[in-house]
file structure35.cif (mmCIF, C-alpha atoms)
data_coords
loop_
_atom_site.label_atom_id
_atom_site.label_comp_id
_atom_site.auth_asym_id
_atom_site.auth_seq_id
_atom_site.Cartn_x
_atom_site.Cartn_y
_atom_site.Cartn_z
CA MET A 1 122.21 89.85 138.55
CA ALA A 2 120.82 89.11 135.13
CA GLU A 3 122.44 88.97 131.75
CA HIS A 4 121.17 91.45 129.20
CA ILE A 5 121.86 90.74 125.56
CA VAL A 6 122.25 93.80 123.33
CA GLU A 7 120.90 92.84 119.91
CA ALA A 8 121.53 94.53 116.56
CA PRO A 9 118.36 96.50 115.72
CA ALA A 10 119.04 96.33 111.99
CA ALA A 11 121.20 94.57 109.47
CA GLY A 12 124.29 96.65 108.80
CA LYS A 13 127.95 97.12 109.54
CA VAL A 14 129.68 97.71 112.86
CA LEU A 15 131.42 101.07 112.53
CA ARG A 16 133.02 101.40 115.98
CA VAL A 17 133.10 99.30 119.13
CA LEU A 18 133.27 101.36 122.33
CA ALA A 19 132.60 98.79 125.06
CA THR A 20 135.33 96.40 126.23
CA ALA A 21 134.79 93.08 127.97
CA GLY A 22 135.30 93.33 131.73
CA ALA A 23 134.68 97.07 131.92
CA SER A 24 131.70 98.53 133.72
CA VAL A 25 129.11 100.55 131.87
CA ALA A 26 126.29 102.84 132.92
CA GLU A 27 122.85 102.68 131.38
CA GLY A 28 122.86 104.83 128.25
CA ASP A 29 126.62 104.48 127.59
CA ARG A 30 127.47 103.71 124.00
CA VAL A 31 128.30 100.07 123.36
CA CYS A 32 128.99 100.41 119.65
CA VAL A 33 127.90 102.28 116.53
CA LEU A 34 126.18 100.47 113.65
CA GLU A 35 125.69 101.71 110.14
CA ALA A 36 122.47 100.89 108.26
CA LEU A 37 121.06 102.69 105.20
CA LYS A 38 124.09 105.02 105.37
CA MET A 39 122.96 106.17 108.80
CA GLU A 40 124.83 105.83 112.08
CA LEU A 41 122.88 104.05 114.82
CA PRO A 42 124.32 104.56 118.32
CA ILE A 43 123.73 101.39 120.35
CA VAL A 44 123.55 102.15 124.07
CA ALA A 45 123.63 99.94 127.15
CA PRO A 46 120.11 99.01 128.38
CA VAL A 47 121.30 98.66 132.01
CA SER A 48 124.24 99.58 134.19
CA GLY A 49 126.62 96.73 134.94
CA THR A 50 129.65 94.85 133.72
CA VAL A 51 130.33 94.00 130.09
CA LYS A 52 130.66 90.22 129.88
CA ALA A 53 131.37 89.88 126.18
CA VAL A 54 131.58 91.94 122.99
CA PRO A 55 131.48 89.39 120.16
CA VAL A 56 131.75 91.92 117.31
CA ALA A 57 134.58 93.96 115.83
CA ALA A 58 134.64 97.17 113.80
CA GLY A 59 134.02 96.54 110.11
CA GLN A 60 132.01 93.38 110.73
CA ALA A 61 128.63 92.88 109.02
CA VAL A 62 125.72 91.93 111.30
CA GLU A 63 122.15 90.74 110.80
CA ALA A 64 119.19 92.09 112.79
CA GLY A 65 119.01 90.24 116.10
CA ASP A 66 122.70 89.37 116.25
CA THR A 67 124.32 89.76 119.67
CA LEU A 68 126.43 92.90 119.93
CA ALA A 69 127.27 92.70 123.63
CA VAL A 70 126.32 90.88 126.82
CA ILE A 71 125.97 93.02 129.94
CA GLU A 72 125.53 91.69 133.47
CA GLY A 73 123.74 94.11 135.69
CA MET B 1 127.09 140.47 63.05
CA PRO B 2 124.44 142.68 64.73
CA ASP B 3 125.17 144.03 68.21
CA HIS B 4 122.39 142.18 70.01
CA GLU B 5 123.97 138.84 69.19
CA PHE B 6 126.88 139.86 71.38
CA LEU B 7 125.08 141.74 74.08
CA GLY B 8 122.70 139.34 75.79
CA VAL B 9 122.79 141.69 78.74
CA LEU B 10 120.77 144.25 76.73
CA ALA B 11 118.06 141.63 76.15
CA LEU B 12 117.91 140.61 79.81
CA THR B 13 114.39 141.02 81.19
CA TRP B 14 113.72 141.18 84.93
CA GLN B 15 111.91 137.86 84.65
CA ALA B 16 114.96 136.18 83.16
CA ALA B 17 117.10 137.79 85.87
CA VAL B 18 114.82 136.30 88.55
CA MET B 19 115.19 132.88 86.95
CA LEU B 20 118.98 133.23 86.78
CA GLY B 21 118.86 134.06 90.49
CA LEU B 22 116.67 131.02 91.17
CA GLY B 23 119.07 128.78 89.27
CA GLY B 24 121.90 130.21 91.35
CA LEU B 25 119.93 129.60 94.55
CA LEU B 26 119.40 125.91 93.71
CA ILE B 27 123.09 125.49 92.90
CA TYR B 28 123.94 127.22 96.20
CA LEU B 29 121.57 124.97 98.19
CA GLY B 30 123.04 121.91 96.49
CA ILE B 31 126.68 122.83 97.10
CA ALA B 32 126.74 124.89 100.30
CA LYS B 33 123.88 123.17 102.15
CA THR B 34 124.25 119.74 100.45
CA VAL B 35 120.48 119.66 99.85
CA GLU B 36 120.02 116.89 97.23
CA PRO B 37 123.11 118.09 95.28
CA VAL B 38 122.79 115.30 92.74
CA LEU B 39 119.51 116.85 91.60
CA LEU B 40 119.78 120.52 92.46
CA VAL B 41 123.15 121.20 90.83
CA PRO B 42 122.06 119.93 87.37
CA ILE B 43 118.56 121.48 87.70
CA GLY B 44 119.98 124.84 88.83
CA THR B 45 122.47 124.86 85.96
CA GLY B 46 119.69 123.92 83.53
CA ILE B 47 117.64 126.91 84.72
CA MET B 48 120.58 129.25 84.21
CA LEU B 49 121.33 127.94 80.73
CA ALA B 50 117.67 128.16 79.72
CA ASN B 51 117.30 131.77 80.80
CA ILE B 52 120.41 133.30 79.25
CA PRO B 53 118.92 135.72 76.71
CA LEU B 54 119.65 134.80 73.09
CA GLY B 55 121.40 131.61 74.24
CA GLY B 56 118.93 129.60 72.19
CA LEU B 57 119.26 126.41 74.25
CA THR B 58 115.50 126.00 74.61
CA GLU B 59 114.60 127.00 71.06
CA ALA B 60 114.00 124.67 68.10
CA ASP B 61 116.97 122.31 68.08
CA GLY B 62 118.77 123.85 71.05
CA PHE B 63 120.49 121.48 73.48
CA LEU B 64 117.89 121.69 76.25
CA ALA B 65 114.98 121.59 73.78
CA VAL B 66 116.34 118.35 72.33
CA LEU B 67 116.81 116.80 75.78
CA ARG B 68 113.22 117.70 76.66
CA ARG B 69 111.80 116.28 73.43
CA VAL B 70 113.80 113.07 73.59
CA GLY B 71 113.70 112.34 77.29
CA ILE B 72 110.76 114.05 78.96
CA ASP B 73 108.04 114.43 76.33
CA THR B 74 108.52 110.73 75.53
CA GLU B 75 108.62 109.80 79.28
CA LEU B 76 111.90 108.00 78.58
CA PHE B 77 114.10 109.52 81.32
CA PRO B 78 111.86 108.78 84.33
CA LEU B 79 111.51 105.16 83.19
CA LEU B 80 115.28 104.75 82.78
CA ILE B 81 115.75 106.26 86.25
CA PHE B 82 113.32 103.67 87.59
CA ILE B 83 115.51 100.82 86.31
CA GLY B 84 118.32 102.28 88.40
CA VAL B 85 116.08 102.85 91.42
CA GLY B 86 114.79 99.27 91.22
CA ALA B 87 118.35 97.97 91.21
CA MET B 88 119.17 100.11 94.26
CA ILE B 89 116.22 99.09 96.43
CA ASP B 90 116.37 96.13 98.76
CA PHE B 91 112.77 95.02 99.12
CA GLY B 92 113.85 92.59 101.86
CA SER B 93 112.77 94.98 104.62
CA LEU B 94 109.29 95.05 103.07
CA LEU B 95 109.08 91.29 102.41
CA GLU B 96 110.11 90.55 105.99
CA ARG B 97 107.35 92.87 107.28
CA PRO B 98 104.43 92.50 104.86
CA TYR B 99 102.10 94.60 107.06
CA THR B 100 104.08 97.72 106.08
CA VAL B 101 102.27 97.59 102.70
CA PHE B 102 99.25 99.16 104.41
CA LEU B 103 101.34 102.09 105.65
CA GLY B 104 102.68 102.66 102.15
CA ALA B 105 99.13 102.70 100.83
CA ALA B 106 97.78 105.01 103.56
CA ALA B 107 100.44 107.64 102.95
CA GLN B 108 99.27 108.03 99.33
CA PHE B 109 96.26 109.89 100.71
CA GLY B 110 98.30 113.08 100.23
CA ILE B 111 97.79 112.65 96.47
CA PHE B 112 94.03 112.66 96.70
CA GLY B 113 93.83 115.37 99.34
CA THR B 114 95.98 117.68 97.25
CA PHE B 115 94.11 116.85 94.07
CA PHE B 116 90.79 117.88 95.62
CA MET B 117 92.29 121.11 96.91
CA ALA B 118 93.84 122.00 93.54
CA TYR B 119 90.66 121.16 91.67
CA PHE B 120 88.56 123.18 94.12
CA LEU B 121 90.83 126.23 93.73
CA GLY B 122 90.68 125.79 89.95
CA ASP B 123 88.04 124.64 87.51
CA GLY B 124 86.19 122.49 90.04
CA GLY B 125 85.08 125.35 92.27
CA LEU B 126 86.52 128.76 93.02
CA ARG B 127 88.30 129.28 89.67
CA LEU B 128 90.93 131.39 91.43
CA PHE B 129 93.69 129.67 89.49
CA ASP B 130 93.96 128.21 86.04
CA PHE B 131 93.94 124.56 87.15
CA THR B 132 92.09 122.13 84.88
CA PHE B 133 91.13 118.63 86.02
CA LYS B 134 94.32 117.20 84.52
CA ASP B 135 96.45 119.94 86.08
CA ALA B 136 94.89 119.15 89.48
CA VAL B 137 95.66 115.42 89.14
CA SER B 138 99.25 116.21 88.17
CA ILE B 139 99.65 118.55 91.15
CA GLY B 140 98.22 115.87 93.45
CA ILE B 141 100.89 113.43 92.29
CA ILE B 142 103.47 115.59 94.08
CA GLY B 143 102.04 113.82 97.14
CA SER B 144 103.48 110.54 95.90
CA ALA B 145 106.82 112.04 96.98
CA ASP B 146 108.37 110.32 94.04
CA GLY B 147 110.23 112.30 91.38
CA PRO B 148 110.07 109.89 88.43
CA THR B 149 106.35 109.17 89.05
CA SER B 150 105.62 112.91 89.16
CA ILE B 151 107.46 113.44 85.87
CA TYR B 152 105.73 110.51 84.25
CA VAL B 153 102.19 111.42 85.27
CA ALA B 154 102.63 115.13 84.58
CA THR B 155 103.94 114.52 81.05
CA VAL B 156 101.43 111.80 80.16
CA LEU B 157 98.57 114.10 81.22
CA GLY B 158 100.18 116.97 79.32
CA THR B 159 99.78 119.57 82.06
CA LYS B 160 101.22 123.00 81.33
CA TYR B 161 102.70 123.06 84.84
CA ALA B 162 104.95 120.03 84.38
CA ALA B 163 108.13 121.99 85.16
CA ALA B 164 106.78 123.53 88.36
CA ILE B 165 105.35 120.20 89.52
CA ILE B 166 108.58 118.31 88.90
CA VAL B 167 110.74 120.90 90.61
CA ALA B 168 108.30 121.08 93.54
CA ALA B 169 108.35 117.27 93.90
CA TYR B 170 112.14 117.16 93.94
CA SER B 171 112.59 120.15 96.23
CA TYR B 172 110.17 118.82 98.84
CA MET B 173 111.84 115.42 98.84
CA ALA B 174 114.95 117.25 99.94
CA LEU B 175 112.92 119.02 102.63
CA VAL B 176 111.41 115.84 104.11
CA PRO B 177 113.64 116.11 107.23
CA ILE B 178 112.12 119.56 107.90
CA ILE B 179 108.47 118.93 106.90
CA GLN B 180 107.88 115.58 108.60
CA PRO B 181 109.10 115.67 112.24
CA PRO B 182 106.69 118.36 113.56
CA ILE B 183 103.72 116.50 112.08
CA MET B 184 104.95 113.19 113.48
CA ARG B 185 105.40 114.67 116.96
CA ALA B 186 102.03 116.45 116.90
CA LEU B 187 100.08 113.30 116.04
CA THR B 188 101.74 110.84 118.44
CA THR B 189 102.15 110.62 122.22
CA PRO B 190 105.61 110.21 123.78
CA ALA B 191 104.59 106.70 124.88
CA GLU B 192 103.82 105.76 121.28
CA ARG B 193 107.08 107.22 119.99
CA ARG B 194 109.08 105.35 122.64
CA LEU B 195 107.75 101.94 121.60
CA VAL B 196 110.59 99.62 120.63
CA MET B 197 109.81 97.14 117.85
CA SER B 198 111.39 93.71 117.67
CA ALA B 199 114.47 93.70 115.48
CA ARG B 200 114.08 90.08 114.57
CA ALA B 201 112.11 89.40 111.44
CA ARG B 202 111.54 86.27 109.50
CA ARG B 203 114.14 85.86 106.79
CA VAL B 204 112.96 85.75 103.20
CA SER B 205 114.43 83.22 100.82
CA LYS B 206 116.33 84.09 97.67
CA ARG B 207 113.51 82.51 95.67
CA THR B 208 110.98 84.91 97.24
CA ARG B 209 113.23 87.86 96.45
CA ILE B 210 113.49 86.80 92.80
CA LEU B 211 109.79 86.03 92.44
CA PHE B 212 108.75 89.31 94.06
CA PRO B 213 109.54 91.64 91.09
CA ILE B 214 108.05 89.20 88.58
CA VAL B 215 104.84 88.69 90.55
CA THR B 216 104.56 92.43 91.17
CA ILE B 217 104.79 93.20 87.44
CA LEU B 218 102.04 90.66 86.71
CA VAL B 219 99.72 91.62 89.56
CA VAL B 220 100.08 95.41 89.28
CA GLY B 221 100.14 95.27 85.48
CA LEU B 222 96.96 93.25 85.25
CA ILE B 223 95.10 95.36 87.82
CA ALA B 224 96.39 98.85 86.91
CA PRO B 225 97.74 98.51 83.35
CA LYS B 226 98.60 102.20 83.11
CA ALA B 227 101.18 101.66 85.85
CA THR B 228 102.97 98.99 83.77
CA PRO B 229 105.72 101.26 82.36
CA LEU B 230 106.60 102.51 85.85
CA ILE B 231 106.27 99.28 87.81
CA GLY B 232 107.77 97.30 84.92
CA THR B 233 111.00 99.31 84.80
CA LEU B 234 111.24 99.51 88.60
CA MET B 235 110.82 95.76 88.99
CA PHE B 236 113.09 94.97 86.03
CA GLY B 237 115.85 96.87 87.85
CA ASN B 238 115.07 94.94 91.01
CA LEU B 239 115.18 91.63 89.14
CA LEU B 240 118.68 92.51 87.88
CA ARG B 241 119.67 93.04 91.50
CA GLU B 242 118.08 89.96 93.04
CA SER B 243 118.72 87.44 90.27
CA GLY B 244 122.37 87.29 91.32
CA VAL B 245 123.55 86.30 87.85
CA VAL B 246 123.82 89.73 86.21
CA GLU B 247 125.80 91.64 88.80
CA ARG B 248 127.40 93.67 86.00
CA LEU B 249 124.04 94.86 84.70
CA SER B 250 122.78 95.53 88.21
CA GLN B 251 125.82 97.69 88.97
CA ALA B 252 125.50 99.46 85.61
CA ALA B 253 121.83 100.24 86.32
CA GLN B 254 122.60 101.57 89.82
CA ASN B 255 125.61 103.62 88.80
CA GLU B 256 126.27 104.45 85.13
CA LEU B 257 122.67 104.40 83.91
CA ALA B 258 121.22 106.21 86.93
CA ASN B 259 124.02 108.79 86.95
CA ILE B 260 123.93 109.59 83.25
CA VAL B 261 120.14 109.87 83.15
CA THR B 262 120.18 112.00 86.31
CA ILE B 263 122.51 114.48 84.59
CA LEU B 264 120.34 114.63 81.46
CA LEU B 265 117.07 114.70 83.39
CA GLY B 266 118.29 117.41 85.76
CA LEU B 267 119.39 119.65 82.90
CA ALA B 268 116.18 118.99 80.96
CA VAL B 269 113.94 119.77 83.96
CA GLY B 270 115.90 122.96 84.66
CA GLY B 271 115.60 123.78 80.97
CA MET B 272 111.81 123.65 81.25
CA MET B 273 111.84 126.54 83.70
CA VAL B 274 111.82 129.47 81.32
CA ALA B 275 110.71 132.78 82.86
CA ALA B 276 107.63 133.25 80.67
CA ASP B 277 106.11 129.90 81.71
CA PHE B 278 107.36 129.75 85.25
CA LEU B 279 106.84 133.16 86.85
CA ARG B 280 103.10 133.15 87.49
CA ALA B 281 100.76 132.86 90.46
CA GLU B 282 99.94 129.24 89.65
CA THR B 283 103.59 128.22 90.15
CA ILE B 284 103.63 129.69 93.65
CA MET B 285 100.33 127.97 94.43
CA ILE B 286 101.76 124.65 93.22
CA TYR B 287 104.65 125.09 95.66
CA VAL B 288 102.22 125.78 98.49
CA MET B 289 100.16 122.72 97.62
CA GLY B 290 103.31 120.61 97.39
CA VAL B 291 103.91 121.17 101.11
CA VAL B 292 100.28 120.28 101.77
CA ALA B 293 100.70 117.09 99.73
CA PHE B 294 103.74 115.98 101.74
CA ALA B 295 102.15 116.99 105.05
CA VAL B 296 98.83 115.23 104.37
CA GLY B 297 100.63 112.08 103.19
CA THR B 298 102.76 112.07 106.34
CA ALA B 299 99.74 112.65 108.58
CA ALA B 300 97.72 109.91 106.86
CA GLY B 301 100.62 107.47 107.27
CA VAL B 302 101.08 108.28 110.96
CA LEU B 303 97.33 108.12 111.67
CA PHE B 304 97.09 104.75 109.98
CA GLY B 305 100.16 103.77 112.00
CA LYS B 306 98.15 104.60 115.13
CA VAL B 307 95.36 102.32 113.95
CA MET B 308 97.92 99.54 113.49
CA TYR B 309 99.43 100.38 116.91
CA VAL B 310 96.09 99.63 118.54
CA ALA B 311 95.18 96.71 116.25
CA SER B 312 98.55 95.04 116.81
CA GLY B 313 98.25 95.21 120.61
CA ARG B 314 100.85 97.99 120.82
CA THR B 315 103.65 96.25 118.98
CA ILE B 316 103.81 98.60 115.99
CA ASN B 317 105.24 102.08 116.48
CA PRO B 318 102.97 104.56 114.67
CA LEU B 319 105.96 106.69 113.63
CA ILE B 320 106.87 104.22 110.89
CA GLY B 321 103.69 105.29 109.07
CA ALA B 322 105.46 108.54 108.17
CA ALA B 323 107.85 106.50 106.02
CA GLY B 324 104.93 105.41 103.85
CA ILE B 325 105.49 108.35 101.51
CA SER B 326 108.01 107.14 99.05
CA ALA B 327 110.95 109.56 99.35
CA PHE B 328 113.54 106.84 99.86
CA PRO B 329 115.52 106.59 102.08
CA MET B 330 114.99 110.08 103.52
CA CYS B 331 111.72 109.20 105.28
CA ALA B 332 113.15 106.06 106.86
CA ARG B 333 116.00 108.13 108.27
CA VAL B 334 113.59 110.75 109.64
CA VAL B 335 111.58 108.02 111.41
CA GLN B 336 114.77 106.58 112.90
CA LYS B 337 115.77 110.04 114.21
CA VAL B 338 112.39 110.91 115.73
CA GLY B 339 112.11 107.45 117.34
CA LEU B 340 115.61 107.62 118.77
CA GLU B 341 115.08 111.06 120.28
CA ALA B 342 112.05 109.68 122.20
CA ASN B 343 113.97 106.63 123.43
CA PRO B 344 117.72 106.01 123.04
CA HIS B 345 117.07 102.27 122.62
CA ASN B 346 114.55 102.72 119.83
CA HIS B 347 115.87 101.90 116.36
CA LEU B 348 113.02 101.89 113.88
CA ILE B 349 115.08 102.11 110.72
CA MET B 350 114.40 98.65 109.28
CA HIS B 351 110.67 98.86 109.97
CA ALA B 352 110.60 102.33 108.45
CA ALA B 353 112.54 101.09 105.42
CA GLY B 354 109.84 98.45 104.93
CA ALA B 355 107.11 101.09 104.93
CA ASN B 356 109.30 103.30 102.73
CA THR B 357 109.78 100.68 100.00
CA ALA B 358 106.08 99.82 100.23
CA GLY B 359 105.44 103.52 99.67
CA GLN B 360 107.63 103.41 96.57
CA ILE B 361 105.44 100.70 95.05
CA ALA B 362 102.22 102.31 96.30
CA SER B 363 103.10 105.66 94.73
CA VAL B 364 103.69 103.98 91.37
CA VAL B 365 100.37 102.17 91.64
CA ALA B 366 98.64 105.42 92.66
CA GLY B 367 100.19 107.17 89.66
CA GLY B 368 98.94 104.40 87.38
CA ALA B 369 95.50 104.50 89.00
CA ALA B 370 95.32 108.26 88.49
CA LEU B 371 96.20 107.85 84.80
CA ALA B 372 93.58 105.13 84.42
CA LEU B 373 90.84 107.15 86.15
CA VAL B 374 91.39 110.53 84.48
CA PRO B 375 89.68 109.60 81.16
CA PHE B 376 86.48 108.74 83.04
CA PHE B 377 86.17 112.20 84.53
CA SER B 378 87.41 114.60 81.91
#

call {"tool": "encode", "arguments": {"input": "structure35.cif", "output": "structure tokens"}}
result
Amino acid sequence: MAEHIVEAPAAGKVLRVLATAGASVAEGDRVCVLEALKMELPIVAPVSGTVKAVPVAAGQAVEAGDTLAVIEG
Amino acid sequence: MPDHEFLGVLALTWQAAVMLGLGGLLIYLGIAKTVEPVLLVPIGTGIMLANIPLGGLTEADGFLAVLRRVGIDTELFPLLIFIGVGAMIDFGSLLERPYTVFLGAAAQFGIFGTFFMAYFLGDGGLRLFDFTFKDAVSIGIIGSADGPTSIYVATVLGTKYAAAIIVAAYSYMALVPIIQPPIMRALTTPAERRLVMSARARRVSKRTRILFPIVTILVVGLIAPKATPLIGTLMFGNLLRESGVVERLSQAAQNELANIVTILLGLAVGGMMVAADFLRAETIMIYVMGVVAFAVGTAAGVLFGKVMYVASGRTINPLIGAAGISAFPMCARVVQKVGLEANPHNHLIMHAAGANTAGQIASVVAGGAALALVPFFS
């Protein structure tokens, strides 16, 4: 079991958070949706596993490289 | 009062009717299809107003004639627009990824490719169309994918096709999401398109952001002085944004100034499209070459992206080269879409935005270079 950190690919705003801590996700499931340059970026899980943490909330501004979620899988 | 002053319909030629239809089509595309409505609604209305028989808007001191004299023949409107554009653009994505400058430069190849084609079809070879050297340069500038630069260069060179060139430049910017993806897919392999680029970039300091517009004015101005009006207004707008002490002026440039000038510019450009000047074979050819300009620029950007893909040890996704043409931020969005469809984890938007803003500067420099070189050849 390894921890995978889902990083923000661009500076922007978190529009929606879909993953919840403790829930299981499959690879390709949406973790959250970011907005950058007025475009919606769907952020998907890189692996299947359990969501350990989701340190962001809808409406929050993020920088590129910020942690959006931690998935153990 | 004589009858014909009332009955414009009796004076309606088929050419004017075609132009009224074209104006209506642009308004339709803007409203129903939301294709660049901010531009197409004013331009479409301008075309309609200009082609109403006996309306007189384009004659002597008519409304549209005055707008054209004051704002376009003097090159004032495109420069005012550039102040707004400069205040809107965040050059951070470029400063954090300086290598994207090369992609912005490569994509300007569309300008030169299209120029050679136009010149060859005109005075430089086949003489099939009435394209002089200056007309050919102005047509090539469509490849900069930058509206204000196209207006500026076309009016400074005094081409008779200014209206067609400007409308072609603006309409193809709206069509970037249709023109670019097939070219991007054709020139790259799925493995290249899938390549994820690191999101982390080095942060640039506030001082760098403030110095950037000032240094750019000095460097570009001293190397390509003819580009000074364009780069100067663009970078002045950016300085308002980055200085952090004139937020009011920065907001005014981005909103009030840009919006008001867009209204006036749109009407004036539409007003230049009077049937007698517009409905000719050369106009259609300019439209055809406009697609070529955008396509060649896209291809050159992607091909140079492939060179950087290899040179960087496969850390740069060649798709971002397509964002080197300056239609901002449409190209960056197209790159993001094409990258994401190849790999759901692939978000190229910030890298593409870097190339896109580099393209904005490169197109201005290319426009200035073209203006500087023309006197040596004609």

call {"tool": "interface_residues", "arguments": {"input": "structure35.cif", "of": "chain B", "to": "chain A", "cutoff": "7 Å", "atoms": "only C-alpha atoms", "output": "NGL selection string"}}
result
:B and (199-200 or 345 or 347 or 350)

call {"tool": "resolve_selection", "arguments": {"input": "structure35.cif", "expression": "the PyMOL selection byres ((chain A and resi 56) around 10)", "output": "list in words"}}
result
Val14, Arg16, Val17, Cys32, Ala53, Val54, Pro55, Ala57, Ala58, Gly59, Gln60, Ala61, Val62, Asp66, Thr67, Leu68 and Ala69 of chain A

call {"tool": "write_last_selection", "arguments": {"input": "structure35.cif", "atoms": "C-alpha atoms", "output": "PDB file, in the frame of the given file"}}
result
ATOM      1  CA  VAL A  14     129.680  97.710 112.860  1.00  0.00           C
ATOM      2  CA  ARG A  16     133.020 101.400 115.980  1.00  0.00           C
ATOM      3  CA  VAL A  17     133.100  99.300 119.130  1.00  0.00           C
ATOM      4  CA  CYS A  32     128.990 100.410 119.650  1.00  0.00           C
ATOM      5  CA  ALA A  53     131.370  89.880 126.180  1.00  0.00           C
ATOM      6  CA  VAL A  54     131.580  91.940 122.990  1.00  0.00           C
ATOM      7  CA  PRO A  55     131.480  89.390 120.160  1.00  0.00           C
ATOM      8  CA  ALA A  57     134.580  93.960 115.830  1.00  0.00           C
ATOM      9  CA  ALA A  58     134.640  97.170 113.800  1.00  0.00           C
ATOM     10  CA  GLY A  59     134.020  96.540 110.110  1.00  0.00           C
ATOM     11  CA  GLN A  60     132.010  93.380 110.730  1.00  0.00           C
ATOM     12  CA  ALA A  61     128.630  92.880 109.020  1.00  0.00           C
ATOM     13  CA  VAL A  62     125.720  91.930 111.300  1.00  0.00           C
ATOM     14  CA  ASP A  66     122.700  89.370 116.250  1.00  0.00           C
ATOM     15  CA  THR A  67     124.320  89.760 119.670  1.00  0.00           C
ATOM     16  CA  LEU A  68     126.430  92.900 119.930  1.00  0.00           C
ATOM     17  CA  ALA A  69     127.270  92.700 123.630  1.00  0.00           C
TER      18      ALA A  69
END

call {"tool": "closest_residue", "arguments": {"input": "structure35.cif", "among": "B:Leu264, B:Glu36, B:Glu192, B:Asp73", "to": "Val310 in chain B", "atoms": "only C-alpha atoms"}}
result
B:Glu192

call {"tool": "closest_residue", "arguments": {"input": "structure35.cif", "among": "B:Leu76, B:Ile43, B:Ala136, B:Leu211", "to": "Tyr170 in chain B", "atoms": "only C-alpha atoms"}}
result
B:Ile43

call {"tool": "closest_residue", "arguments": {"input": "structure35.cif", "among": "A:Leu34, A:Gly12, A:His4, A:Ala26", "to": "Lys52 in chain A", "atoms": "all atoms listed in the file"}}
result
A:His4

call {"tool": "atom_distance", "arguments": {"input": "structure35.cif", "atom1": "CA of Glu35 in chain A", "atom2": "CA of Val196 in chain B"}}
result
18.5 Å

call {"tool": "residues_around", "arguments": {"input": "structure35.cif", "residues": "range 360-365 of chain B", "least_positions_apart": "3", "cutoff": "10 Å", "atoms": "only C-alpha atoms", "output": "MDAnalysis selection string"}}
result
chainID B and resid 85:86 89 101:108 111 141:146 148:150 152:153 216 220:221 223:231 234:235 323:328 354:357 368:371

call {"tool": "resolve_selection", "arguments": {"input": "structure35.cif", "expression": "the PyMOL selection byres ((chain B and resi 378) around 8)", "output": "MDAnalysis selection string"}}
result
chainID B and resid 133:134 374:377

call {"tool": "atom_distance", "arguments": {"input": "structure35.cif", "atom1": "CA of Ile139 in chain B", "atom2": "CA of Tyr172 in chain B"}}
result
13.0 Å

call {"tool": "atom_distance", "arguments": {"input": "structure35.cif", "atom1": "CA of Val51 in chain A", "atom2": "CA of Val33 in chain A"}}
result
16.1 Å

call {"tool": "closest_residue", "arguments": {"input": "structure35.cif", "among": "B:Gln251, B:Val338, B:Ser171, B:Ile214", "to": "Tyr287 in chain B", "atoms": "all atoms listed in the file"}}
result
B:Ser171

call {"tool": "resolve_selection", "arguments": {"input": "structure35.cif", "expression": "the PyMOL selection byres ((chain B and resi 130) around 12)", "output": "PyMOL selection string"}}
result
chain B and resi 118-129+131-136+159-161+280-283+285-286

call {"tool": "residues_around", "arguments": {"input": "structure35.cif", "residues": "Arg207 in chain B", "least_positions_apart": "2", "cutoff": "12 Å", "atoms": "all atoms listed in the file", "output": "list in words"}}
result
Gly92, Leu95, Arg203, Val204, Ser205, Arg209, Ile210, Leu211, Phe212, Pro213, Ile214, Val215, Leu239, Glu242, Ser243 and Gly244 of chain B

call {"tool": "residues_around", "arguments": {"input": "structure35.cif", "residues": "Val47 in chain A", "least_positions_apart": "6", "cutoff": "12 Å", "atoms": "all atoms listed in the file", "output": "MDAnalysis selection string"}}
result
(chainID A and resid 1:6 24:31 69:73) or (chainID B and resid 345)

call {"tool": "closest_residue", "arguments": {"input": "structure35.cif", "among": "B:Val35, B:Lys306, B:Ile72, B:Leu10", "to": "Ala191 in chain B", "atoms": "only C-alpha atoms"}}
result
B:Lys306

call {"tool": "residues_around", "arguments": {"input": "structure35.cif", "residues": "Ala23 in chain A", "least_positions_apart": "3", "cutoff": "8 Å", "atoms": "only C-alpha atoms", "output": "list in words"}}
result
Ala19, Thr20, Thr50 and Val51 of chain A

call {"tool": "residues_around", "arguments": {"input": "structure35.cif", "residues": "Met272 in chain B", "least_positions_apart": "5", "cutoff": "12 Å", "atoms": "all atoms listed in the file", "output": "PyMOL selection string"}}
result
chain B and resi 19+23+43-51+57-59+63-69+72-73+160-167+265-267+277-278
